[in-house]
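Accompanying notes for the structure given below.
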Amino acid sequence: MDIISIFEQGLIASLAALGVFISFRVIDLPDLTPDGSYVLGAAVTISLLYANVLLPFAILLGALASGIAGLFTAFLYNKFNMHSLLASILIMTMLYSINLRIMDGPNISVPKESYGEEVIYEEQTKLDFLFEDTNNTESLVSNELQKNENFTKVFSIDIYFLLFISSIIIFLLYLLFKTEFGLALRGFGNNKEGIKNLGMNPNIFSYTGLFLGNFFPGLAGGFFAIYSGFSDVNMGQGIVVSSLAAVIIGEIVLGKLNILYNLLCAFIGGIIYQFVIALVMKYGYKIGFNPGDMKLLTSIFIILMIGLRNEEVKKWLSLKRLKSFIIRAR
Amino acid sequence: MKKRFFGVFLVFSLFVVHVFSLTIGVTQIVEHPALDAVFEGLKEELSDMDLVYDHQIAQGSFQNATQIAKKFNNDSDLIVAIATPSAQAAANSIKNKPIVFTAVTDPVAAGLIPKMGLNSGNIVGISDMLPVELHMNLIKKYFPEAKNIGLLFNTGEINSKKIVELANKYSEELGLNTIEISGSNINELITGINSRSDEVDIFYLFTDNLVASSIELLSEKMKEKKIPVISGDIDIAKASSVIGFGFDYKSLGIETGKIVRRIINGEKISEIESTFMPGNALLLYLNLERAKAFNLNIPDELIDNADIIE
C-alpha cells in the first residue's frame, strides 16, 4: 500500500470532515451544504485557473465561495426559520446547477497542454456513401501545442504541504475557540436559547459556524481538484456522510476531552477512514468480495468500531471472560 | 505437519501466480451495464492470455477513484480506465505505467491526451465518440418531416455534453432544431419528456448512461407518445429505436483489449494511436416492426446494409 498517498487523501478528506465537525458538533446545526460546496470549491478553483489566477488565490477564492454558500444556508435558517437540514438541502440542490454553470459543463480538467483540436468522429463508415457531399474530413488540428502557461504549479500538494496547512488550520481554530467569541460559539451549540439570555445575537453564531462549516469543505474540494487533476459536478456525493463517519471514528479513538482533541478528531478519523477504504480495496477482492460490496464493507467496519466502544461489548470481550471461556471449552 | 505444508504450498502458489502473470488494474467509476460490458469485452478479447484482473469500482465516489489510481500505481502492471473521471484520476496519479482509457468521449477536453492519434506519454486509448454528423444526416434524409430533434441526456455527464454540442452544431447546419431535455436523474428526465414531448418530432438517443439504464421506461414513454427514435448506441437501439447506427459497449471493450494486447506484446505507447471506434465496427440496426407502427418506409439501401433487422 502506498501509505503516503493514503495519508495525503486522508488529510484532504479531513479538511472536509473539519467543516462537518464545526456544523454538526460545535454549533449543532446539521448541515448538508458541503455535498454542494465541496464541488463549488473545486469548480471555482479550476475555473479561476483558466482565468489566469494564481493557484493559491484560486484555491482560497474557491473556499471563500463555498463559505458564502454556507452563509446562504444560515440566511435561510435565520430569516425564514427553516430547519437547517431543509435549508442546506435547498442550497445544496441549487449548487448543483450553479456548479454546472461555473464549469460550463459537468466536468473540467486542470489546464493542460493541447493542440486545440475538436474531437470529431473521423472514421470512414459504410453509410458514408449515402451522404457523399457532407463528408468533410478536413482536419482541424493545428500544429501548435497550446501550453496553458497560466497554470504553473506554484506548490505541489504533497504530504508535507498538507500537514503544514492542517496544523496551521488546527492552531488557528484552536485560538478561535479559546476566545470569548469562540466560547460563545460553542455555547450556542450547547444551548441556543441560553445565548439569548446572555444578551447576544444568536444569528451571528449560525452565520459564522455555517461559513466555517462550508469554507473547509470548499478548501478540501479545491485541494482535491488540483490533487486529482479535475473537478466533476458529482464529486461531492456523500461527502457529508463520509465526513461524519470520519468525525465519529475520531471521537471513538480520541474521546471527548477538550476542544483541541476534538479538532484533531476530524483529522485522525479522516485518515483512519481512508485507510479502511484502502484495506477493503486491497484485500476485499482477494477474499472473494465483489467491487460492489465496498460500501457494505466500509460501513460494517465503522459499525464494528462503534460497537466495540460499547461498554457491554467491551465487557463481553474482556480477557477474564475469554479465559473462562477457553477453560470451559477445554 | 501436513497442514503446515499445505499452508506453505498455498502461500507459495499465490506468490507464483502473482509473479508470473501480469496484473491489469481496471478502474471504473460506477457500476453500470454499459461500463460493465466494456470490462466483459476486454476480458473476452484477452481470454487467451494469462492475466490477473484487479477490477475496482469507485461507487461513484471521486475520492475512491483517486485512491484506486494510487493503489494501481503500486501493484498493477497496466491500467485500464473506464469512463472519464476514472481516466482523469488515473492520468493524474500514474506517470510511469501504461494507462489505456476507454469509454471517454472527448479525451482532449478531459485533459488525458493533447490530441487524437500518436502522442508521447503513458496514456493511450479509445474514444466512444459517435458519428453525430452522420446521425443528423440520417434524420434529415429518412425523416424529412422531422424538424425538431429531441435530445435526452444527463446534465451531470461530460460525455453527453460533447455529443449534445455536436448535435446542435450539425443540426443547425442542416436546418433542424434541437430540443434539449435533460435531468440529473430519471424522474427529472420523465418530467421533461412529459412537458416538452409535444414539440419533438424525433428523439435522438446516444451513449448517455442515465438514458441507457432507464431505456425500458423511456421507450415505453416514446411508444405512448408515438415519437420515433434514432439511436447511436446499439443496446439502446434494440430497446427503443427504429434506426440505430453505432456500436455496443462490449465491442468497445474488445477494441480496448486489442490496444492492451499490443502493449503487452511490447509496443511502445508512443507508437499506438488513440483512436475512435473503427468505422467497420459500427453496426446498423433496423426495426421494421416499429417502422410500420410509425408508417415509415425503410429504403432498400438501408436494409441492404443492415447488420441486425428485427
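Just remember, in the C-alpha cells the first chain shown is A, the second B, etc., residues are 1-based per chain, and ligands are 1-based in the order shown.
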* Residue hits in chain B, query chain A, radius 8 Å, only C-alpha atoms, as JSON, numbers by chain -> {"B": [31, 54, 55, 56, 57, 59, 60, 61, 62, 63, 64, 66, 67, 68, 70, 71, 74, 85, 88, 89, 92, 93, 106, 108, 109, 110, 111, 113, 114, 115, 116, 129, 130, 131, 132, 134, 137, 155, 156, 157, 158, 161, 276, 277, 278, 279, 280, 282, 305]}
Can those selected residues be exported to a file as a compact mmCIF listing (two decimals), in the first residue's frame so that it contains N, CA and C atoms?
# COMPACT_ATOMS: atom_id res chain seq x y z
N GLU B 31 -20.85 1.26 -11.17
CA GLU B 31 -21.36 0.02 -11.73
C GLU B 31 -22.52 0.35 -12.67
N ASP B 54 -7.55 -6.90 -11.57
CA ASP B 54 -7.95 -6.28 -10.30
C ASP B 54 -8.99 -5.22 -10.66
N HIS B 55 -10.25 -5.60 -10.60
CA HIS B 55 -11.33 -4.74 -11.06
C HIS B 55 -11.87 -3.94 -9.88
N GLN B 56 -11.69 -2.65 -9.89
CA GLN B 56 -12.14 -1.81 -8.77
C GLN B 56 -13.16 -0.80 -9.27
N ILE B 57 -14.26 -0.69 -8.54
CA ILE B 57 -15.29 0.27 -8.90
C ILE B 57 -15.36 1.32 -7.79
N GLN B 59 -17.68 3.28 -6.95
CA GLN B 59 -19.01 3.50 -6.36
C GLN B 59 -19.45 4.95 -6.52
N GLY B 60 -19.07 5.56 -7.61
CA GLY B 60 -19.47 6.93 -7.86
C GLY B 60 -18.71 7.96 -7.04
N SER B 61 -17.79 7.52 -6.19
CA SER B 61 -17.04 8.47 -5.36
C SER B 61 -15.71 8.80 -6.03
N PHE B 62 -15.48 10.10 -6.24
CA PHE B 62 -14.28 10.52 -6.96
C PHE B 62 -13.06 10.40 -6.07
N GLN B 63 -13.26 10.48 -4.76
CA GLN B 63 -12.15 10.27 -3.84
C GLN B 63 -11.67 8.82 -3.96
N ASN B 64 -12.63 7.89 -4.06
CA ASN B 64 -12.25 6.49 -4.23
C ASN B 64 -11.52 6.28 -5.55
N THR B 66 -9.59 8.26 -7.11
CA THR B 66 -8.19 8.67 -6.96
C THR B 66 -7.42 7.64 -6.16
N GLN B 67 -8.07 7.12 -5.11
CA GLN B 67 -7.37 6.14 -4.29
C GLN B 67 -7.09 4.85 -5.06
N ILE B 68 -8.06 4.45 -5.90
CA ILE B 68 -7.85 3.27 -6.74
C ILE B 68 -6.65 3.49 -7.65
N LYS B 70 -4.10 5.43 -7.16
CA LYS B 70 -2.86 5.36 -6.37
C LYS B 70 -2.49 3.91 -6.06
N LYS B 71 -3.51 3.11 -5.78
CA LYS B 71 -3.26 1.70 -5.48
C LYS B 71 -2.67 0.99 -6.70
N ASN B 74 0.93 1.29 -7.52
CA ASN B 74 1.85 0.41 -6.79
C ASN B 74 1.84 -1.02 -7.29
N PRO B 85 -14.11 10.20 -15.48
CA PRO B 85 -13.50 10.56 -14.19
C PRO B 85 -12.42 9.58 -13.73
N GLN B 88 -9.35 10.32 -15.70
CA GLN B 88 -8.67 11.55 -15.25
C GLN B 88 -7.90 11.30 -13.96
N ALA B 89 -8.52 10.57 -13.04
CA ALA B 89 -7.85 10.28 -11.78
C ALA B 89 -6.60 9.45 -12.03
N ASN B 92 -3.71 11.47 -13.62
CA ASN B 92 -3.02 12.39 -12.73
C ASN B 92 -2.12 11.69 -11.72
N SER B 93 -2.47 10.45 -11.37
CA SER B 93 -1.72 9.76 -10.31
C SER B 93 -0.65 8.83 -10.85
N ASP B 106 -14.48 12.59 -25.07
CA ASP B 106 -13.58 13.64 -25.52
C ASP B 106 -12.31 13.63 -24.66
N VAL B 108 -9.46 14.78 -25.23
CA VAL B 108 -8.66 16.01 -25.29
C VAL B 108 -9.19 17.01 -24.27
N ALA B 109 -10.51 17.21 -24.26
CA ALA B 109 -11.09 18.15 -23.29
C ALA B 109 -10.93 17.62 -21.87
N ALA B 110 -10.90 16.30 -21.71
CA ALA B 110 -10.73 15.73 -20.38
C ALA B 110 -9.29 15.86 -19.90
N GLY B 111 -8.41 16.34 -20.78
CA GLY B 111 -7.02 16.56 -20.38
C GLY B 111 -6.20 15.28 -20.33
N ILE B 113 -5.03 13.44 -23.19
CA ILE B 113 -4.01 13.47 -24.24
C ILE B 113 -4.12 14.81 -24.96
N PRO B 114 -3.00 15.32 -25.52
CA PRO B 114 -3.07 16.61 -26.21
C PRO B 114 -3.81 16.55 -27.53
N LYS B 115 -3.82 15.41 -28.21
CA LYS B 115 -4.57 15.28 -29.46
C LYS B 115 -4.87 13.81 -29.72
N MET B 116 -5.81 13.54 -30.61
CA MET B 116 -6.05 12.16 -31.01
C MET B 116 -4.87 11.70 -31.86
N MET B 129 -16.65 8.35 -29.04
CA MET B 129 -17.35 9.38 -29.82
C MET B 129 -18.20 8.73 -30.92
N LEU B 130 -19.35 9.34 -31.17
CA LEU B 130 -20.25 8.80 -32.18
C LEU B 130 -20.17 9.64 -33.46
N PRO B 131 -20.52 9.04 -34.60
CA PRO B 131 -20.59 9.83 -35.83
C PRO B 131 -21.84 10.70 -35.82
N VAL B 132 -21.82 11.77 -35.05
CA VAL B 132 -23.01 12.59 -34.84
C VAL B 132 -23.49 13.23 -36.14
N LEU B 134 -23.23 12.09 -39.12
CA LEU B 134 -23.93 11.07 -39.91
C LEU B 134 -25.33 10.85 -39.37
N ASN B 137 -27.56 13.54 -40.47
CA ASN B 137 -27.89 13.36 -41.88
C ASN B 137 -28.94 12.28 -42.09
N THR B 155 -27.53 15.87 -17.23
CA THR B 155 -26.74 17.10 -17.13
C THR B 155 -25.38 16.85 -16.48
N GLY B 156 -25.27 15.75 -15.73
CA GLY B 156 -24.04 15.52 -14.98
C GLY B 156 -22.99 14.70 -15.72
N GLU B 157 -23.24 14.39 -16.99
CA GLU B 157 -22.29 13.54 -17.70
C GLU B 157 -21.53 14.31 -18.75
N ILE B 158 -20.21 14.35 -18.62
CA ILE B 158 -19.40 15.12 -19.55
C ILE B 158 -19.46 14.52 -20.95
N LYS B 161 -22.38 15.90 -22.82
CA LYS B 161 -22.30 17.32 -23.14
C LYS B 161 -21.66 17.52 -24.50
N PHE B 276 -10.81 6.40 -32.51
CA PHE B 276 -12.24 6.21 -32.30
C PHE B 276 -12.55 4.74 -32.55
N MET B 277 -13.80 4.36 -32.32
CA MET B 277 -14.21 3.02 -32.72
C MET B 277 -14.01 2.93 -34.23
N PRO B 278 -13.36 1.88 -34.75
CA PRO B 278 -13.16 1.80 -36.19
C PRO B 278 -14.49 1.76 -36.94
N GLY B 279 -14.49 2.39 -38.12
CA GLY B 279 -15.74 2.53 -38.86
C GLY B 279 -16.41 1.21 -39.18
N ASN B 280 -15.60 0.16 -39.42
CA ASN B 280 -16.21 -1.12 -39.79
C ASN B 280 -16.78 -1.86 -38.57
N LEU B 282 -18.90 -0.36 -36.61
CA LEU B 282 -20.22 0.23 -36.35
C LEU B 282 -21.31 -0.63 -37.00
N ASN B 305 -27.72 -2.77 -46.10
CA ASN B 305 -26.52 -2.58 -45.28
C ASN B 305 -26.71 -2.96 -43.82
* Exercise: Val26 in chain A partners within 9 Å, only C-alpha atoms, chain neighbours under 3 positions left out, as a list in words ->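 Residues meeting the cut-off are Phe21, Ile22, Ser23, Leu29, Leu185, Arg186, Gly187, Phe188, Gly189, Asn190 and Gly209 of chain A.
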Write the residues of the selection above to a file with N, CA, C and O atoms, as a tab-separated table (two decimals), in the first residue's frame.
chain	number	residue	atom	x	y	z
A	21	PHE	N	-17.52	18.75	11.20
A	21	PHE	CA	-17.39	18.76	12.66
A	21	PHE	C	-17.91	20.09	13.23
A	21	PHE	O	-18.64	20.11	14.22
A	22	ILE	N	-17.54	21.20	12.56
A	22	ILE	CA	-17.96	22.50	13.09
A	22	ILE	C	-19.48	22.64	13.04
A	22	ILE	O	-20.10	23.06	14.01
A	23	SER	N	-20.09	22.23	11.90
A	23	SER	CA	-21.54	22.44	11.83
A	23	SER	C	-22.32	21.42	12.66
A	23	SER	O	-23.27	21.78	13.34
A	29	LEU	N	-25.75	22.35	14.26
A	29	LEU	CA	-26.75	22.58	13.20
A	29	LEU	C	-26.44	21.60	12.08
A	29	LEU	O	-25.49	21.79	11.35
A	185	LEU	N	-19.57	30.63	20.66
A	185	LEU	CA	-19.95	29.79	19.53
A	185	LEU	C	-20.23	28.37	20.00
A	185	LEU	O	-21.23	27.75	19.62
A	186	ARG	N	-19.35	27.87	20.86
A	186	ARG	CA	-19.58	26.52	21.40
A	186	ARG	C	-20.79	26.51	22.32
A	186	ARG	O	-21.54	25.52	22.35
A	187	GLY	N	-20.96	27.60	23.04
A	187	GLY	CA	-22.13	27.71	23.90
A	187	GLY	C	-23.41	27.68	23.10
A	187	GLY	O	-24.40	27.03	23.48
A	188	PHE	N	-23.36	28.34	21.93
A	188	PHE	CA	-24.52	28.36	21.04
A	188	PHE	C	-24.90	26.93	20.65
A	188	PHE	O	-26.08	26.58	20.57
A	189	GLY	N	-23.88	26.10	20.42
A	189	GLY	CA	-24.14	24.72	20.06
A	189	GLY	C	-24.80	23.96	21.19
A	189	GLY	O	-25.68	23.13	20.97
A	190	ASN	N	-24.38	24.26	22.42
A	190	ASN	CA	-24.93	23.53	23.56
A	190	ASN	C	-26.33	23.98	23.92
A	190	ASN	O	-27.19	23.18	24.28
A	209	GLY	N	-20.66	29.86	12.10
A	209	GLY	CA	-20.49	28.41	12.11
A	209	GLY	C	-20.68	27.81	10.74
A	209	GLY	O	-19.87	27.00	10.29
Under the rule of at most 10 Å, produce a per-residue listing of range 27-131 of chain A near range 241-252 of chain A: chain, number, name, the closest pair of atoms, and the distance in Å, as a tab-separated table, using only C-alpha atoms.
residue	atom	partner	partner_atom	distance
A:Leu32	CA	A:Val241	CA	8.9
A:Pro34	CA	A:Ser243	CA	9.7
A:Asp35	CA	A:Val241	CA	9.1
* To do: as a ChimeraX atom specification, please: all residues of range 172-325 of chain A that backbone DSSP puts in alpha helix (DSSP H).
  => /A:172-178,180-190,192-197,202-228,239-254,259-284,294-309,311-317,319-325
* Members of range 90-139 of chain B assigned strand (DSSP E or B) by DSSP, as a list in words -> Ile99, Val100, Phe101, Thr102, Ala103, Val104, Gly117, Ile123, Val124, Gly125, Ile126 and Ser127 of chain B
Go ahead and save the picked residues with all heavy atoms, as a compact mmCIF listing (two decimals), in the first residue's frame.
# COMPACT_ATOMS: atom_id res chain seq x y z
N ILE B 99 -1.40 3.53 -19.27
CA ILE B 99 -2.82 3.66 -18.99
C ILE B 99 -3.57 3.57 -20.31
O ILE B 99 -3.23 4.26 -21.27
CB ILE B 99 -3.15 5.02 -18.33
CG1 ILE B 99 -2.36 5.20 -17.04
CG2 ILE B 99 -4.64 5.15 -18.06
CD1 ILE B 99 -2.50 6.58 -16.45
N VAL B 100 -4.58 2.72 -20.37
CA VAL B 100 -5.45 2.64 -21.54
C VAL B 100 -6.82 3.13 -21.12
O VAL B 100 -7.47 2.52 -20.27
CB VAL B 100 -5.53 1.19 -22.07
CG1 VAL B 100 -6.45 1.14 -23.28
CG2 VAL B 100 -4.16 0.66 -22.42
N PHE B 101 -7.24 4.27 -21.68
CA PHE B 101 -8.57 4.76 -21.33
C PHE B 101 -9.59 4.25 -22.33
O PHE B 101 -9.26 3.96 -23.48
CB PHE B 101 -8.61 6.29 -21.26
CG PHE B 101 -8.38 6.98 -22.56
CD1 PHE B 101 -9.41 7.13 -23.49
CD2 PHE B 101 -7.14 7.51 -22.88
CE1 PHE B 101 -9.21 7.77 -24.70
CE2 PHE B 101 -6.92 8.14 -24.10
CZ PHE B 101 -7.96 8.27 -25.00
N THR B 102 -10.83 4.12 -21.88
CA THR B 102 -11.88 3.68 -22.78
C THR B 102 -13.21 4.26 -22.29
O THR B 102 -13.31 4.64 -21.12
CB THR B 102 -11.94 2.14 -22.86
OG1 THR B 102 -12.97 1.77 -23.78
CG2 THR B 102 -12.23 1.52 -21.52
N ALA B 103 -14.19 4.34 -23.18
CA ALA B 103 -15.48 4.95 -22.86
C ALA B 103 -15.32 6.40 -22.43
O ALA B 103 -16.05 6.89 -21.58
CB ALA B 103 -16.23 4.15 -21.81
N VAL B 104 -14.33 7.08 -22.99
CA VAL B 104 -14.15 8.52 -22.78
C VAL B 104 -14.48 9.19 -24.10
O VAL B 104 -13.87 8.87 -25.12
CB VAL B 104 -12.70 8.85 -22.38
CG1 VAL B 104 -12.50 10.34 -22.30
CG2 VAL B 104 -12.35 8.18 -21.07
N GLY B 117 -4.70 10.40 -32.01
CA GLY B 117 -3.58 9.91 -32.80
C GLY B 117 -2.38 9.62 -31.92
O GLY B 117 -2.53 9.27 -30.76
N ILE B 123 -0.21 7.51 -21.89
CA ILE B 123 -1.65 7.32 -21.99
C ILE B 123 -2.07 7.11 -23.44
O ILE B 123 -1.65 7.86 -24.34
CB ILE B 123 -2.39 8.53 -21.41
CG1 ILE B 123 -1.90 8.80 -19.99
CG2 ILE B 123 -3.89 8.29 -21.41
CD1 ILE B 123 -2.45 10.04 -19.39
N VAL B 124 -2.88 6.11 -23.66
CA VAL B 124 -3.43 5.86 -24.98
C VAL B 124 -4.82 5.28 -24.75
O VAL B 124 -5.13 4.85 -23.64
CB VAL B 124 -2.52 4.89 -25.77
CG1 VAL B 124 -2.56 3.49 -25.19
CG2 VAL B 124 -2.88 4.85 -27.24
N GLY B 125 -5.66 5.29 -25.77
CA GLY B 125 -6.97 4.71 -25.53
C GLY B 125 -7.91 4.91 -26.68
O GLY B 125 -7.51 5.28 -27.78
N ILE B 126 -9.17 4.67 -26.39
CA ILE B 126 -10.17 4.66 -27.44
C ILE B 126 -11.34 5.52 -26.99
O ILE B 126 -11.80 5.43 -25.86
CB ILE B 126 -10.55 3.20 -27.77
CG1 ILE B 126 -11.40 3.14 -29.02
CG2 ILE B 126 -11.22 2.50 -26.64
CD1 ILE B 126 -11.29 1.78 -29.67
N SER B 127 -11.76 6.41 -27.88
CA SER B 127 -12.85 7.31 -27.57
C SER B 127 -14.17 6.69 -28.01
O SER B 127 -14.22 6.01 -29.04
CB SER B 127 -12.64 8.64 -28.29
OG SER B 127 -13.87 9.26 -28.55
* To do: Measuring atom to atom with only C-alpha atoms, identify which of A:Thr73, A:Ser166, A:Thr298, A:Asn52 is nearest to Glu8 in chain A.
  => A:Ser166
* Asked: Excluding same-chain residues fewer than 6 positions from Lys79 in chain A, what lies within 12 Å of it counting only C-alpha atoms, as a PyMOL selection string?
  -> chain A and resi 71-73+87+203+206-207
* Counting only C-alpha atoms, the residue of B:Leu51, B:Ile190, B:Leu46, B:Val30 that sits nearest Ile259 in chain B -> B:Leu46
* Asked: Looking at B:Ser86, B:Ser241, B:Ser274, B:Asn209, which one is nearest to Asn119 in chain B, with distances taken over only C-alpha atoms?
  ->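 Among the listed residues, B:Ser274 lies closest to Asn119 in chain B.
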* In Å, how far is it from CA of Asp28 in chain A to CA of Phe7 in chain A? -> 28.4 Å
